[in-house]
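Structure data follow from entry_24.csv (CSV, C-alpha atoms):
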```
chain,number,residue,atom,x,y,z
A,1,MET,CA,150.3,126.3,99.5
A,2,SER,CA,153.5,124.9,98.2
A,3,GLU,CA,155.0,128.3,98.9
A,4,VAL,CA,154.9,127.6,102.6
A,5,GLY,CA,158.4,126.6,103.6
A,6,LEU,CA,160.0,127.9,100.4
A,7,GLY,CA,162.7,130.4,101.4
A,8,GLY,CA,161.5,130.1,105.0
A,9,ALA,CA,158.0,131.5,104.2
A,10,SER,CA,155.4,130.7,106.9
A,11,VAL,CA,151.7,130.0,106.4
A,12,THR,CA,151.0,133.5,107.8
A,13,GLN,CA,153.3,135.1,105.3
A,14,VAL,CA,151.9,133.2,102.3
A,15,ALA,CA,148.3,134.0,103.4
A,16,GLN,CA,149.1,137.7,103.8
A,17,CYS,CA,150.9,137.7,100.4
A,18,HIS,CA,147.8,136.2,98.7
A,19,GLU,CA,145.3,138.1,100.8
A,20,ILE,CA,143.7,135.0,102.3
A,21,THR,CA,143.4,133.6,105.8
A,22,ARG,CA,145.7,131.0,107.2
A,23,SER,CA,142.6,128.8,107.8
A,24,GLN,CA,141.9,128.8,104.1
A,25,ILE,CA,145.4,127.3,103.4
A,26,TYR,CA,144.9,124.7,106.1
A,27,GLY,CA,141.4,123.9,104.8
A,28,TRP,CA,142.6,123.5,101.2
A,29,ARG,CA,145.4,121.2,102.4
A,30,ARG,CA,143.0,119.1,104.3
A,31,ASP,CA,140.5,118.9,101.4
A,32,LEU,CA,143.2,118.0,98.9
A,33,LYS,CA,144.8,115.4,101.2
A,34,LYS,CA,141.4,113.7,101.7
A,35,LYS,CA,141.0,113.5,97.9
A,36,GLY,CA,144.6,112.3,97.5
A,37,LEU,CA,145.5,115.3,95.4
A,38,TRP,CA,148.2,116.9,97.6
A,39,SER,CA,151.2,115.7,99.5
A,40,PRO,CA,153.9,117.8,101.2
A,41,ASP,CA,156.4,116.4,98.7
A,42,ARG,CA,154.4,117.5,95.6
A,43,GLY,CA,152.8,120.6,96.9
A,44,THR,CA,150.3,122.8,95.2
A,45,VAL,CA,150.8,126.0,93.3
A,46,PHE,CA,148.8,129.2,93.4
A,47,LEU,CA,147.9,130.4,89.9
A,48,PRO,CA,147.1,134.0,89.1
A,49,VAL,CA,143.5,134.6,87.9
A,50,ASP,CA,142.7,137.7,85.8
A,51,PHE,CA,139.1,138.9,86.4
A,52,GLY,CA,139.6,141.9,84.2
A,53,SER,CA,138.1,140.2,81.2
A,54,CYS,CA,135.0,139.1,82.9
A,55,PRO,CA,131.9,141.1,82.1
A,56,GLU,CA,130.2,142.9,85.0
A,57,PRO,CA,127.2,141.1,86.3
A,58,ARG,CA,124.0,142.8,85.4
A,59,SER,CA,122.4,144.0,88.6
A,60,ALA,CA,118.8,143.0,89.2
A,61,PRO,CA,116.4,145.9,89.7
A,62,ALA,CA,115.9,146.8,93.3
A,63,PRO,CA,112.8,145.1,94.6
A,64,SER,CA,110.0,147.6,95.1
A,65,ARG,CA,108.3,147.6,98.4
A,66,SER,CA,105.2,145.6,98.3
A,67,VAL,CA,102.0,146.9,99.9
A,68,PRO,CA,98.6,145.3,100.6
A,69,VAL,CA,96.0,146.0,98.0
A,70,GLU,CA,92.2,145.6,98.3
A,71,LEU,CA,90.2,145.2,95.1
A,72,ARG,CA,86.4,145.3,95.1
A,73,LEU,CA,84.9,143.2,92.3
A,74,SER,CA,81.7,144.1,90.4
A,75,ASN,CA,79.9,141.2,92.1
A,76,GLY,CA,80.5,142.9,95.5
A,77,ARG,CA,83.3,140.6,96.6
A,78,CYS,CA,86.5,142.0,98.0
A,79,LEU,CA,89.9,140.6,97.1
A,80,ARG,CA,92.9,141.4,99.2
A,81,PHE,CA,96.4,140.6,98.0
A,82,ASP,CA,100.0,141.7,98.1
A,83,SER,CA,101.2,144.2,95.4
A,84,GLY,CA,104.1,141.9,94.6
A,85,ILE,CA,101.7,139.1,93.3
A,86,ASP,CA,102.5,137.8,89.8
A,87,GLU,CA,100.2,139.3,87.1
A,88,GLU,CA,99.1,135.9,85.7
A,89,ALA,CA,98.3,134.6,89.2
A,90,LEU,CA,96.3,137.7,90.0
A,91,THR,CA,94.3,137.4,86.8
A,92,ARG,CA,93.5,133.7,87.5
A,93,LEU,CA,92.5,134.6,91.1
A,94,ILE,CA,90.2,137.4,89.9
A,95,ARG,CA,88.6,135.2,87.3
A,96,ALA,CA,88.1,132.4,89.9
A,97,VAL,CA,86.6,134.7,92.5
A,98,ASP,CA,84.4,136.4,89.9
A,99,ALA,CA,83.1,133.1,88.6
A,100,ALA,CA,82.4,131.7,92.0
```

Represent the supplied structure as structure tokens.
Amino acid sequence: MSEVGLGGASVTQVAQCHEITRSQIYGWRRDLKKKGLWSPDRGTVFLPVDFGSCPEPRSAPAPSRSVPVELRLSNGRCLRFDSGIDEEALTRLIRAVDAA
């Protein structure tokens, strides 16, 4: 942000150089001014960040498509639930219905 005005650089030129929008620069200025952390005299400096050393995030497995399931219990009762139900919850549900 302090680059704006240096060597005649405009907000647009600085934004394009850093691949950000002009509104981001104005927003950062506004936020920093509110916190008392920026003034046109002091300015703010962009610092380079190297993301090369960051490990790749582990991708979560793609959620499988859930389908309705119908389970007929030995006591003749019928239990309907979604295939995405947690195993422990299903076990508790079956036991509760079976005991009722």

Pairwise distance, atom CA of Ser64 of chain A with atom CA of Leu93 of chain A, equals 22.2 Å

Pairwise distance, atom CA of Ser83 of chain A with atom CA of Ala96 of chain A, equals 18.5 Å

Long-range neighbours of Ala15 of chain A as an MDAnalysis selection string, 8 Å cut-off, only C-alpha atoms, 6 positions minimum in chain:
chainID A and resid 21:22 25

What is the atom CA of Leu73 of chain A to atom CA of Ile94 of chain A distance in Å?
8.2 Å

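Using only C-alpha atoms, the nearest neighbour of Arg65 of chain A within the list A:Ile85, A:Asp31, A:Cys78, A:Gln13 is A:Ile85.
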